[in-house]
$ cat entry-v5.json   # JSON, C-alpha atoms
[["chain", "number", "residue", "atom", "x", "y", "z"],
["A", 1, "MET", "CA", 86.95, 22.01, 83.96],
["A", 2, "ARG", "CA", 83.32, 23.10, 83.93],
["A", 3, "VAL", "CA", 81.78, 25.78, 81.73],
["A", 4, "LEU", "CA", 79.91, 28.53, 83.56],
["A", 5, "SER", "CA", 77.53, 31.15, 82.29],
["A", 6, "PRO", "CA", 79.32, 34.40, 81.43],
["A", 7, "SER", "CA", 76.94, 36.19, 83.81],
["A", 8, "LEU", "CA", 78.35, 34.47, 86.91],
["A", 9, "SER", "CA", 78.82, 37.20, 89.52],
["A", 10, "HIS", "CA", 81.92, 37.67, 91.63],
["A", 11, "ARG", "CA", 79.83, 37.36, 94.80],
["A", 12, "ARG", "CA", 78.57, 33.97, 93.73],
["A", 13, "LEU", "CA", 82.10, 32.96, 92.84],
["A", 14, "LEU", "CA", 83.33, 33.86, 96.29],
["A", 15, "GLY", "CA", 80.52, 31.79, 97.74],
["A", 16, "LEU", "CA", 81.97, 28.72, 96.05],
["A", 17, "LEU", "CA", 85.07, 28.89, 98.24],
["A", 18, "GLY", "CA", 84.97, 25.86, 100.56],
["A", 19, "LEU", "CA", 87.35, 24.70, 103.22],
["A", 20, "VAL", "CA", 87.25, 20.96, 103.77],
["A", 21, "ALA", "CA", 88.80, 19.83, 107.06],
["A", 22, "LEU", "CA", 90.68, 16.57, 106.95],
["A", 23, "LEU", "CA", 91.08, 15.61, 110.59],
["A", 24, "SER", "CA", 94.19, 13.55, 111.06],
["A", 25, "THR", "CA", 94.27, 10.68, 113.55],
["A", 26, "GLY", "CA", 97.77, 9.79, 114.53],
["A", 27, "ALA", "CA", 99.34, 11.09, 111.32],
["A", 28, "PRO", "CA", 103.09, 11.75, 111.51],
["A", 29, "ALA", "CA", 104.32, 15.34, 111.76],
["A", 30, "VAL", "CA", 105.36, 16.96, 108.49],
["A", 31, "ALA", "CA", 107.62, 20.03, 108.04],
["A", 32, "ASP", "CA", 106.24, 23.37, 106.78],
["A", 33, "GLU", "CA", 107.72, 22.63, 103.38],
["A", 34, "GLY", "CA", 105.24, 19.76, 103.04],
["A", 35, "TRP", "CA", 102.32, 21.94, 101.82],
["A", 36, "SER", "CA", 101.30, 21.54, 98.19],
["A", 37, "VAL", "CA", 98.91, 22.76, 95.50],
["A", 38, "THR", "CA", 97.32, 20.46, 92.93],
["A", 39, "PRO", "CA", 94.19, 20.26, 90.79],
["A", 40, "LEU", "CA", 91.27, 18.98, 92.84],
["A", 41, "GLY", "CA", 90.86, 15.27, 92.38],
["A", 42, "THR", "CA", 93.46, 12.67, 91.52],
["A", 43, "GLY", "CA", 95.70, 11.94, 88.58],
["A", 44, "ARG", "CA", 95.85, 15.47, 87.12],
["A", 45, "PRO", "CA", 99.35, 16.98, 86.95],
["A", 46, "TYR", "CA", 97.91, 20.23, 85.53],
["A", 47, "PHE", "CA", 94.59, 21.86, 84.60],
["A", 48, "TYR", "CA", 93.22, 21.44, 81.09],
["A", 49, "ALA", "CA", 90.21, 23.18, 79.56],
["A", 50, "GLU", "CA", 88.60, 23.90, 76.20],
["A", 51, "GLY", "CA", 86.30, 26.75, 75.31],
["A", 52, "THR", "CA", 85.31, 29.31, 72.72],
["A", 53, "PRO", "CA", 85.56, 33.11, 73.02],
["A", 54, "LYS", "CA", 83.22, 34.66, 75.64],
["A", 55, "THR", "CA", 83.16, 31.34, 77.54],
["A", 56, "VAL", "CA", 83.75, 31.22, 81.31],
["A", 57, "LEU", "CA", 85.40, 28.01, 82.52],
["A", 58, "GLN", "CA", 85.66, 26.87, 86.14],
["A", 59, "ASP", "CA", 87.87, 24.49, 88.07],
["A", 60, "THR", "CA", 89.19, 24.11, 91.61],
["A", 61, "LEU", "CA", 92.66, 24.27, 93.12],
["A", 62, "SER", "CA", 93.43, 22.16, 96.18],
["A", 63, "VAL", "CA", 95.83, 23.55, 98.80],
["A", 64, "ARG", "CA", 96.98, 20.86, 101.22],
["A", 65, "ASN", "CA", 98.57, 21.66, 104.58],
["A", 66, "PRO", "CA", 99.77, 18.53, 106.36],
["A", 67, "THR", "CA", 101.87, 20.58, 108.81],
["A", 68, "LYS", "CA", 101.24, 21.29, 112.48],
["A", 69, "ARG", "CA", 100.45, 24.97, 112.08],
["A", 70, "THR", "CA", 98.12, 27.22, 110.13],
["A", 71, "LEU", "CA", 99.44, 28.53, 106.81],
["A", 72, "ASP", "CA", 98.48, 31.72, 104.97],
["A", 73, "VAL", "CA", 98.83, 30.85, 101.30],
["A", 74, "ARG", "CA", 98.85, 33.68, 98.76],
["A", 75, "LEU", "CA", 97.49, 32.77, 95.33],
["A", 76, "THR", "CA", 97.96, 34.55, 92.00],
["A", 77, "GLY", "CA", 96.80, 33.58, 88.51],
["A", 78, "SER", "CA", 98.25, 34.68, 85.20],
["A", 79, "GLY", "CA", 96.44, 35.50, 81.99],
["A", 80, "TRP", "CA", 92.66, 35.16, 82.11],
["A", 81, "ILE", "CA", 92.52, 33.41, 85.50],
["A", 82, "THR", "CA", 90.49, 34.87, 88.39],
["A", 83, "LEU", "CA", 90.77, 33.18, 91.78],
["A", 84, "ALA", "CA", 87.95, 33.15, 94.34],
["A", 85, "ALA", "CA", 90.34, 34.45, 97.01],
["A", 86, "PRO", "CA", 93.86, 35.89, 96.75],
["A", 87, "VAL", "CA", 94.83, 34.63, 100.23],
["A", 88, "VAL", "CA", 93.68, 31.41, 101.87],
["A", 89, "GLU", "CA", 94.16, 30.48, 105.51],
["A", 90, "VAL", "CA", 94.68, 26.74, 105.73],
["A", 91, "PRO", "CA", 94.55, 25.25, 109.26],
["A", 92, "ALA", "CA", 96.97, 22.51, 110.26],
["A", 93, "ARG", "CA", 96.35, 19.11, 108.71],
["A", 94, "THR", "CA", 93.56, 20.38, 106.47],
["A", 95, "ARG", "CA", 92.92, 21.17, 102.84],
["A", 96, "ALA", "CA", 91.42, 24.27, 101.23],
["A", 97, "ASP", "CA", 89.63, 23.96, 97.90],
["A", 98, "VAL", "CA", 89.76, 27.26, 95.99],
["A", 99, "PRO", "CA", 87.57, 27.72, 92.89],
["A", 100, "PHE", "CA", 88.86, 29.80, 90.01],
["A", 101, "THR", "CA", 87.58, 30.83, 86.59],
["A", 102, "VAL", "CA", 89.12, 31.27, 83.17],
["A", 103, "ARG", "CA", 87.28, 33.85, 81.08],
["A", 104, "VAL", "CA", 88.11, 33.63, 77.36],
["A", 105, "PRO", "CA", 87.93, 37.17, 75.89],
["A", 106, "GLU", "CA", 85.76, 37.93, 72.89],
["A", 107, "GLY", "CA", 87.66, 37.84, 69.62],
["A", 108, "THR", "CA", 90.35, 35.46, 70.88],
["A", 109, "PRO", "CA", 91.71, 33.46, 67.92],
["A", 110, "PRO", "CA", 91.70, 29.66, 68.15],
["A", 111, "GLY", "CA", 94.78, 27.94, 69.47],
["A", 112, "ASP", "CA", 96.50, 26.69, 72.60],
["A", 113, "ARG", "CA", 97.24, 28.95, 75.55],
["A", 114, "THR", "CA", 99.19, 28.39, 78.76],
["A", 115, "ALA", "CA", 98.72, 30.07, 82.12],
["A", 116, "THR", "CA", 99.77, 29.37, 85.71],
["A", 117, "ILE", "CA", 98.48, 29.54, 89.26],
["A", 118, "THR", "CA", 101.19, 30.37, 91.77],
["A", 119, "ALA", "CA", 101.02, 29.73, 95.52],
["A", 120, "ARG", "CA", 103.38, 31.29, 98.10],
["A", 121, "ALA", "CA", 103.72, 30.34, 101.76],
["A", 122, "SER", "CA", 106.47, 29.83, 104.35],
["A", 123, "GLY", "CA", 109.04, 31.37, 102.01],
["A", 124, "ARG", "CA", 108.34, 28.80, 99.31],
["A", 125, "THR", "CA", 106.62, 28.98, 95.91],
["A", 126, "ALA", "CA", 104.69, 26.31, 94.04],
["A", 127, "THR", "CA", 103.13, 26.55, 90.57],
["A", 128, "VAL", "CA", 100.39, 24.64, 88.75],
["A", 129, "ARG", "CA", 100.00, 24.94, 84.97],
["A", 130, "VAL", "CA", 96.71, 25.69, 83.24],
["A", 131, "ARG", "CA", 96.48, 24.62, 79.60],
["A", 132, "LEU", "CA", 93.63, 26.07, 77.57],
["A", 133, "ARG", "CA", 92.53, 25.28, 74.03],
["A", 134, "VAL", "CA", 90.45, 28.02, 72.41],
["A", 135, "GLY", "CA", 88.08, 26.70, 69.75],
["A", 136, "GLY", "CA", 86.78, 28.38, 66.61],
["A", 137, "PRO", "CA", 87.41, 28.53, 62.86],
["A", 138, "ARG", "CA", 91.05, 27.99, 61.90],
["A", 139, "LEU", "CA", 92.03, 30.57, 59.28],
["A", 140, "PRO", "CA", 95.73, 30.94, 58.37],
["A", 141, "ALA", "CA", 96.94, 34.37, 57.20],
["A", 142, "LEU", "CA", 100.47, 35.78, 57.01],
["A", 143, "THR", "CA", 102.06, 39.03, 55.80],
["A", 144, "VAL", "CA", 105.65, 40.23, 55.34],
["A", 145, "GLU", "CA", 106.19, 43.95, 55.99],
["A", 146, "HIS", "CA", 108.78, 46.75, 56.41],
["A", 147, "VAL", "CA", 111.48, 45.27, 54.20],
["A", 148, "ALA", "CA", 114.70, 47.32, 54.34],
["A", 149, "VAL", "CA", 118.41, 46.85, 53.67],
["A", 150, "ARG", "CA", 120.51, 47.82, 56.69],
["A", 151, "GLY", "CA", 124.23, 47.33, 56.39],
["A", 152, "GLU", "CA", 124.91, 43.73, 55.42],
["A", 153, "ARG", "CA", 121.45, 42.48, 56.40],
["A", 154, "ILE", "CA", 117.92, 42.55, 55.00],
["A", 155, "ALA", "CA", 115.46, 43.45, 57.75],
["A", 156, "TYR", "CA", 111.76, 42.55, 57.64],
["A", 157, "GLU", "CA", 108.75, 41.74, 59.83],
["A", 158, "LEU", "CA", 106.38, 38.79, 59.73],
["A", 159, "VAL", "CA", 102.81, 39.17, 61.04],
["A", 160, "ASN", "CA", 100.42, 36.31, 61.74],
["A", 161, "ARG", "CA", 97.03, 37.80, 60.87],
["A", 162, "GLY", "CA", 95.15, 34.51, 61.08],
["A", 163, "THR", "CA", 93.87, 32.26, 63.83],
["A", 164, "THR", "CA", 96.39, 29.41, 63.73],
["A", 165, "ASP", "CA", 100.04, 28.96, 64.65],
["A", 166, "LEU", "CA", 102.33, 29.25, 61.62],
["A", 167, "THR", "CA", 105.84, 28.11, 60.74],
["A", 168, "PRO", "CA", 106.80, 30.38, 57.80],
["A", 169, "THR", "CA", 109.00, 29.64, 54.80],
["A", 170, "LEU", "CA", 111.13, 32.42, 53.26],
["A", 171, "ALA", "CA", 112.59, 32.98, 49.78],
["A", 172, "VAL", "CA", 114.86, 35.97, 48.96],
["A", 173, "ARG", "CA", 115.71, 37.50, 45.60],
["A", 174, "ALA", "CA", 117.67, 40.63, 44.67],
["A", 175, "ASP", "CA", 118.00, 41.92, 41.07],
["A", 176, "GLY", "CA", 120.49, 44.54, 39.97],
["A", 177, "VAL", "CA", 120.79, 46.51, 36.74],
["A", 178, "LEU", "CA", 122.69, 43.70, 35.00],
["A", 179, "GLY", "CA", 120.74, 40.75, 36.46],
["A", 180, "PRO", "CA", 120.20, 38.67, 39.61],
["A", 181, "LEU", "CA", 122.48, 39.29, 42.57],
["A", 182, "LEU", "CA", 120.84, 37.06, 45.16],
["A", 183, "ASP", "CA", 118.49, 34.10, 44.70],
["A", 184, "ARG", "CA", 117.84, 32.01, 47.82],
["A", 185, "ALA", "CA", 115.46, 29.09, 47.51],
["A", 186, "PRO", "CA", 112.54, 28.82, 49.99],
["A", 187, "ARG", "CA", 113.54, 27.47, 53.38],
["A", 188, "THR", "CA", 111.64, 26.96, 56.63],
["A", 189, "LEU", "CA", 112.46, 29.54, 59.27],
["A", 190, "PRO", "CA", 113.24, 28.29, 62.81],
["A", 191, "VAL", "CA", 110.39, 30.30, 64.33],
["A", 192, "ARG", "CA", 106.83, 29.63, 65.48],
["A", 193, "LEU", "CA", 104.40, 32.48, 64.93],
["A", 194, "PRO", "CA", 101.25, 32.43, 67.11],
["A", 195, "PRO", "CA", 98.08, 34.26, 66.00],
["A", 196, "GLY", "CA", 98.38, 38.03, 66.21],
["A", 197, "ARG", "CA", 102.14, 37.93, 66.72],
["A", 198, "ARG", "CA", 104.55, 40.31, 64.93],
["A", 199, "LEU", "CA", 108.17, 39.19, 64.65],
["A", 200, "ALA", "CA", 111.16, 41.28, 63.45],
["A", 201, "LEU", "CA", 113.82, 39.25, 61.62],
["A", 202, "THR", "CA", 116.90, 39.82, 59.45],
["A", 203, "GLU", "CA", 118.51, 37.97, 56.56],
["A", 204, "PRO", "CA", 122.32, 38.14, 56.05],
["A", 205, "TRP", "CA", 123.67, 39.64, 52.82],
["A", 206, "SER", "CA", 127.44, 39.98, 53.04],
["A", 207, "GLU", "CA", 128.09, 40.01, 49.25],
["A", 208, "ARG", "CA", 125.98, 43.00, 48.38],
["A", 209, "PRO", "CA", 127.25, 45.16, 45.45],
["A", 210, "ALA", "CA", 129.29, 48.31, 45.92],
["A", 211, "PHE", "CA", 127.66, 50.18, 43.06],
["A", 212, "ASP", "CA", 124.25, 49.19, 41.71],
["A", 213, "ALA", "CA", 120.51, 49.84, 41.76],
["A", 214, "VAL", "CA", 118.85, 46.81, 43.33],
["A", 215, "ASP", "CA", 115.29, 45.57, 43.82],
["A", 216, "VAL", "CA", 114.96, 43.22, 46.82],
["A", 217, "ARG", "CA", 111.90, 40.93, 47.11],
["A", 218, "LEU", "CA", 110.93, 38.58, 49.94],
["A", 219, "THR", "CA", 108.33, 35.82, 49.54],
["A", 220, "VAL", "CA", 106.84, 34.04, 52.56],
["A", 221, "THR", "CA", 104.55, 31.01, 52.63],
["A", 222, "ALA", "CA", 103.00, 28.89, 55.38],
["A", 223, "ALA", "CA", 100.37, 26.22, 56.04],
["A", 224, "ASP", "CA", 101.72, 23.97, 53.26],
["A", 225, "GLY", "CA", 101.68, 26.86, 50.81],
["A", 226, "THR", "CA", 98.03, 27.78, 51.31],
["A", 227, "VAL", "CA", 99.03, 31.28, 52.49],
["A", 228, "ARG", "CA", 101.54, 33.45, 50.63],
["A", 229, "ASP", "CA", 102.70, 37.07, 50.67],
["A", 230, "GLU", "CA", 105.41, 39.19, 49.03],
["A", 231, "ALA", "CA", 107.05, 42.50, 49.85],
["A", 232, "GLY", "CA", 110.19, 44.30, 48.73],
["A", 233, "THR", "CA", 112.22, 47.46, 48.58],
["A", 234, "SER", "CA", 114.54, 49.30, 46.19],
["A", 235, "VAL", "CA", 117.99, 50.40, 47.23],
["A", 236, "ARG", "CA", 120.86, 52.22, 45.53],
["A", 237, "PHE", "CA", 124.43, 51.24, 46.41],
["A", 238, "VAL", "CA", 126.95, 54.06, 45.86],
["A", 239, "PRO", "CA", 130.64, 54.00, 46.98],
["A", 240, "TRP", "CA", 130.52, 57.42, 48.60],
["A", 241, "GLY", "CA", 134.21, 57.41, 49.47],
["A", 242, "GLY", "CA", 135.21, 57.01, 45.82],
["A", 243, "VAL", "CA", 132.56, 59.49, 44.74],
["A", 244, "ALA", "CA", 133.91, 62.03, 47.19],
["A", 245, "GLY", "CA", 137.46, 61.53, 45.86],
["A", 246, "VAL", "CA", 136.36, 61.90, 42.27],
["A", 247, "ALA", "CA", 134.24, 64.93, 43.15],
["A", 248, "GLY", "CA", 137.20, 66.47, 44.94],
["A", 249, "ALA", "CA", 139.49, 65.86, 41.99],
["A", 250, "LEU", "CA", 136.93, 67.29, 39.58],
["A", 251, "THR", "CA", 136.45, 70.32, 41.81],
["A", 252, "ALA", "CA", 140.19, 70.89, 42.02],
["A", 253, "GLY", "CA", 140.54, 70.52, 38.26],
["A", 254, "VAL", "CA", 137.72, 72.96, 37.56],
["A", 255, "ALA", "CA", 139.21, 75.42, 40.02],
["A", 256, "LEU", "CA", 142.61, 75.14, 38.35],
["A", 257, "VAL", "CA", 141.11, 75.75, 34.93],
["A", 258, "VAL", "CA", 139.21, 78.78, 36.23],
["A", 259, "VAL", "CA", 142.34, 80.20, 37.86],
["A", 260, "ARG", "CA", 144.36, 79.71, 34.70],
["A", 261, "ARG", "CA", 141.68, 81.36, 32.58],
["A", 262, "LEU", "CA", 141.45, 84.32, 34.95],
["A", 263, "GLY", "CA", 145.23, 84.72, 34.90],
["A", 264, "ARG", "CA", 145.31, 84.56, 31.14],
["A", 265, "ARG", "CA", 142.46, 87.06, 30.89],
["A", 266, "ARG", "CA", 144.27, 89.49, 33.16],
["A", 267, "ARG", "CA", 147.46, 89.22, 31.13],
["A", 268, "ASP", "CA", 145.52, 89.80, 27.91],
["A", 269, "GLU", "CA", 143.69, 92.77, 29.36],
["A", 270, "GLN", "CA", 146.74, 94.65, 30.74],
["A", 271, "PRO", "CA", 148.17, 95.93, 27.37],
["A", 272, "CYS", "CA", 144.75, 97.07, 26.30],
["A", 273, "ALA", "CA", 144.43, 99.05, 29.46],
["A", 274, "ARG", "CA", 147.73, 100.80, 28.85],
["A", 275, "GLN", "CA", 146.75, 101.60, 25.27],
["A", 276, "GLU", "CA", 143.43, 103.01, 26.32],
["A", 277, "LEU", "CA", 145.13, 105.07, 29.02],
["A", 278, "ALA", "CA", 147.64, 106.46, 26.53],
["A", 279, "ALA", "CA", 144.93, 107.29, 24.04],
["A", 280, "GLU", "CA", 142.91, 108.98, 26.73],
["A", 281, "THR", "CA", 145.94, 110.99, 27.87],
["A", 282, "ASP", "CA", 146.70, 112.07, 24.37],
["A", 283, "GLU", "CA", 143.14, 113.25, 23.93],
["A", 284, "LEU", "CA", 143.16, 115.19, 27.17],
["A", 285, "THR", "CA", 146.39, 117.05, 26.40],
["A", 286, "GLY", "CA", 144.96, 118.25, 23.15],
["A", 287, "ALA", "CA", 148.23, 117.41, 21.42],
["A", 288, "MET", "CA", 148.10, 117.73, 17.70],
["A", 289, "THR", "CA", 149.99, 115.62, 15.24]]
$ encode --input "entry-v5.json" --output "structure tokens"
Amino acid sequence: MRVLSPSLSHRRLLGLLGLVALLSTGAPAVADEGWSVTPLGTGRPYFYAEGTPKTVLQDTLSVRNPTKRTLDVRLTGSGWITLAAPVVEVPARTRADVPFTVRVPEGTPPGDRTATITARASGRTATVRVRLRVGGPRLPALTVEHVAVRGERIAYELVNRGTTDLTPTLAVRADGVLGPLLDRAPRTLPVRLPPGRRLALTEPWSERPAFDAVDVRLTVTAADGTVRDEAGTSVRFVPWGGVAGVAGALTAGVALVVVRRLGRRRRDEQPCARQELAAETDELTGAMT
């Protein structure tokens, strides 16, 4: 794959489209399904290219039509691929060579990328892979974020903030009021984290306490321990069903005590009321002793 100047215009790119006629002399007839797409040249099962950010790479796709009739082949490219023409008319027993470019965006981190060029014709689809290696400084960086306890699992997110693929290692620790509750040694996670990727994961915790105040801490490492990050959360475990029962019993007990005290107060106050009423009546009648 050739490297082009980033200033290559689309008009010039379209001008690179060439149709090369391969006149057949006495070749046997081939069915419509015989058309194919391959990298131009021989011995390449797929396209391969290397470049740095802001680089424009060029290569050519070959569309072969060994059939007896003209084919309209529709071409699409994924990712950063731009084809010289989206539709190519390929006459019978000829080949069309279609240039395309791969423009690596500015700021793209180093690493391997995969794209495809897809061709469709006569109700059939064919695909050619494009493998691209982006060059540049390789800087590993990893963070663990948004740690939270949800049910019987510890949820968290891993973010690759560097420029290299990472396979992270995770260690988990949880400490309660009376000591450690969970202490899992570092182990390699079965995930591959490309640059710029954020991945949400969970860690099982089926033996969590029913009543405790716990600090949970996650430690992640990668790149043979050269990158490391920690994050955690605090959680309070309370058996709300039992608390509700105790609260209900306490409320009922308090209410009973209040009712009893009110009843006792009323009984104590009734004689006094009668005495006061009698004394008041005596005073009003003006009776003398």
$ atom_distance --input "entry-v5.json" --atom1 "atom CA of Gly179 of chain A" --atom2 "atom CA of Leu142 of chain A"
29.3 Å
$ closest_residue --input "entry-v5.json" --among "A:Tyr156, A:Tyr48, A:Phe237, A:Phe100" --to "Val134 of chain A" --atoms "only C-alpha atoms"
A:Tyr48
$ axis_aligned_box --input "entry-v5.json" --around "segment 159-175 of chain A" --padding-each-side "8 Å" --output "lines of an AutoDock Vina configuration file"
center_x = 105.9
center_y = 35.0
center_z = 52.9
size_x = 40.1
size_y = 29.8
size_z = 39.6
$ closest_residue --input "entry-v5.json" --among "A:Pro168, A:Pro204, A:Pro99, A:Gly176" --to "Val227 of chain A" --atoms "all atoms listed in the file"
A:Pro168
$ closest_residue --input "entry-v5.json" --among "A:Leu189, A:Val214, A:Val37, A:Ile117" --to "Leu83 of chain A" --atoms "all atoms listed in the file"
A:Ile117
$ atom_distance --input "entry-v5.json" --atom1 "atom CA of Gly162 of chain A" --atom2 "atom CA of Arg113 of chain A"
15.6 Å
$ atom_distance --input "entry-v5.json" --atom1 "atom CA of Val238 of chain A" --atom2 "atom CA of Leu170 of chain A"
27.8 Å
$ closest_residue --input "entry-v5.json" --among "A:Thr226, A:Thr42, A:Thr221, A:Thr52" --to "Asp112 of chain A" --atoms "all atoms listed in the file"
A:Thr52
$ residues_around --input "entry-v5.json" --residues "Val159 of chain A" --least-positions-apart "5" --cutoff "8 Å" --atoms "only C-alpha atoms" --output "ChimeraX atom specification"
/A:142-145,193,196-199
$ write_last_selection --input "entry-v5.json" --atoms "C-alpha atoms" --output "PDB file, in the coordinates of the input"
ATOM      1  CA  LEU A 142     100.470  35.780  57.010  1.00  0.00           C
ATOM      2  CA  THR A 143     102.060  39.030  55.800  1.00  0.00           C
ATOM      3  CA  VAL A 144     105.650  40.230  55.340  1.00  0.00           C
ATOM      4  CA  GLU A 145     106.190  43.950  55.990  1.00  0.00           C
ATOM      5  CA  LEU A 193     104.400  32.480  64.930  1.00  0.00           C
ATOM      6  CA  GLY A 196      98.380  38.030  66.210  1.00  0.00           C
ATOM      7  CA  ARG A 197     102.140  37.930  66.720  1.00  0.00           C
ATOM      8  CA  ARG A 198     104.550  40.310  64.930  1.00  0.00           C
ATOM      9  CA  LEU A 199     108.170  39.190  64.650  1.00  0.00           C
TER      10      LEU A 199
END
$ residues_near_point --input "entry-v5.json" --point "(90.0, 22.7, 72.1)" --cutoff "6 Å" --atoms "all atoms listed in the file" --output "ChimeraX atom specification"
/A:50,133-135
$ build_atoms --input "entry-v5.json" --residues "segment 131-145 of chain A" --atoms "N, CA, C and O atoms" --output "PDB file, in the frame of the given file"
ATOM      1  N   ARG A 131      96.416  24.686  81.055  1.00  0.00           N
ATOM      2  CA  ARG A 131      96.480  24.620  79.600  1.00  0.00           C
ATOM      3  C   ARG A 131      95.071  24.781  79.041  1.00  0.00           C
ATOM      4  O   ARG A 131      94.152  24.071  79.438  1.00  0.00           O
ATOM      5  N   LEU A 132      94.944  25.723  78.117  1.00  0.00           N
ATOM      6  CA  LEU A 132      93.630  26.070  77.570  1.00  0.00           C
ATOM      7  C   LEU A 132      93.678  25.984  76.052  1.00  0.00           C
ATOM      8  O   LEU A 132      94.591  26.520  75.417  1.00  0.00           O
ATOM      9  N   ARG A 133      92.678  25.327  75.486  1.00  0.00           N
ATOM     10  CA  ARG A 133      92.530  25.280  74.030  1.00  0.00           C
ATOM     11  C   ARG A 133      91.303  26.092  73.646  1.00  0.00           C
ATOM     12  O   ARG A 133      90.189  25.778  74.047  1.00  0.00           O
ATOM     13  N   VAL A 134      91.532  27.156  72.868  1.00  0.00           N
ATOM     14  CA  VAL A 134      90.450  28.020  72.410  1.00  0.00           C
ATOM     15  C   VAL A 134      89.957  27.503  71.068  1.00  0.00           C
ATOM     16  O   VAL A 134      90.736  27.350  70.128  1.00  0.00           O
ATOM     17  N   GLY A 135      88.652  27.229  70.987  1.00  0.00           N
ATOM     18  CA  GLY A 135      88.080  26.700  69.750  1.00  0.00           C
ATOM     19  C   GLY A 135      87.617  27.811  68.821  1.00  0.00           C
ATOM     20  O   GLY A 135      87.602  28.992  69.169  1.00  0.00           O
ATOM     21  N   GLY A 136      87.240  27.427  67.603  1.00  0.00           N
ATOM     22  CA  GLY A 136      86.780  28.380  66.610  1.00  0.00           C
ATOM     23  C   GLY A 136      87.311  28.049  65.236  1.00  0.00           C
ATOM     24  O   GLY A 136      88.100  27.105  65.072  1.00  0.00           O
ATOM     25  N   PRO A 137      86.930  28.791  64.221  1.00  0.00           N
ATOM     26  CA  PRO A 137      87.410  28.530  62.860  1.00  0.00           C
ATOM     27  C   PRO A 137      88.908  28.774  62.741  1.00  0.00           C
ATOM     28  O   PRO A 137      89.441  29.752  63.267  1.00  0.00           O
ATOM     29  N   ARG A 138      89.597  27.884  62.065  1.00  0.00           N
ATOM     30  CA  ARG A 138      91.050  27.990  61.900  1.00  0.00           C
ATOM     31  C   ARG A 138      91.335  28.581  60.513  1.00  0.00           C
ATOM     32  O   ARG A 138      91.161  27.929  59.486  1.00  0.00           O
ATOM     33  N   LEU A 139      91.786  29.837  60.522  1.00  0.00           N
ATOM     34  CA  LEU A 139      92.030  30.570  59.280  1.00  0.00           C
ATOM     35  C   LEU A 139      93.477  31.059  59.270  1.00  0.00           C
ATOM     36  O   LEU A 139      93.837  31.974  60.007  1.00  0.00           O
ATOM     37  N   PRO A 140      94.346  30.470  58.443  1.00  0.00           N
ATOM     38  CA  PRO A 140      95.730  30.940  58.370  1.00  0.00           C
ATOM     39  C   PRO A 140      95.851  32.199  57.515  1.00  0.00           C
ATOM     40  O   PRO A 140      95.209  32.316  56.470  1.00  0.00           O
ATOM     41  N   ALA A 141      96.661  33.137  57.970  1.00  0.00           N
ATOM     42  CA  ALA A 141      96.940  34.370  57.200  1.00  0.00           C
ATOM     43  C   ALA A 141      98.284  34.921  57.662  1.00  0.00           C
ATOM     44  O   ALA A 141      98.562  34.977  58.859  1.00  0.00           O
ATOM     45  N   LEU A 142      99.112  35.335  56.703  1.00  0.00           N
ATOM     46  CA  LEU A 142     100.470  35.780  57.010  1.00  0.00           C
ATOM     47  C   LEU A 142     100.861  36.915  56.075  1.00  0.00           C
ATOM     48  O   LEU A 142     100.553  36.889  54.886  1.00  0.00           O
ATOM     49  N   THR A 143     101.550  37.934  56.614  1.00  0.00           N
ATOM     50  CA  THR A 143     102.060  39.030  55.800  1.00  0.00           C
ATOM     51  C   THR A 143     103.522  39.290  56.137  1.00  0.00           C
ATOM     52  O   THR A 143     103.969  39.049  57.267  1.00  0.00           O
ATOM     53  N   VAL A 144     104.281  39.780  55.141  1.00  0.00           N
ATOM     54  CA  VAL A 144     105.650  40.230  55.340  1.00  0.00           C
ATOM     55  C   VAL A 144     105.671  41.734  55.093  1.00  0.00           C
ATOM     56  O   VAL A 144     105.132  42.216  54.089  1.00  0.00           O
ATOM     57  N   GLU A 145     106.280  42.494  56.020  1.00  0.00           N
ATOM     58  CA  GLU A 145     106.190  43.950  55.990  1.00  0.00           C
ATOM     59  C   GLU A 145     107.537  44.586  56.323  1.00  0.00           C
ATOM     60  O   GLU A 145     108.439  43.949  56.857  1.00  0.00           O
TER      61      GLU A 145
END
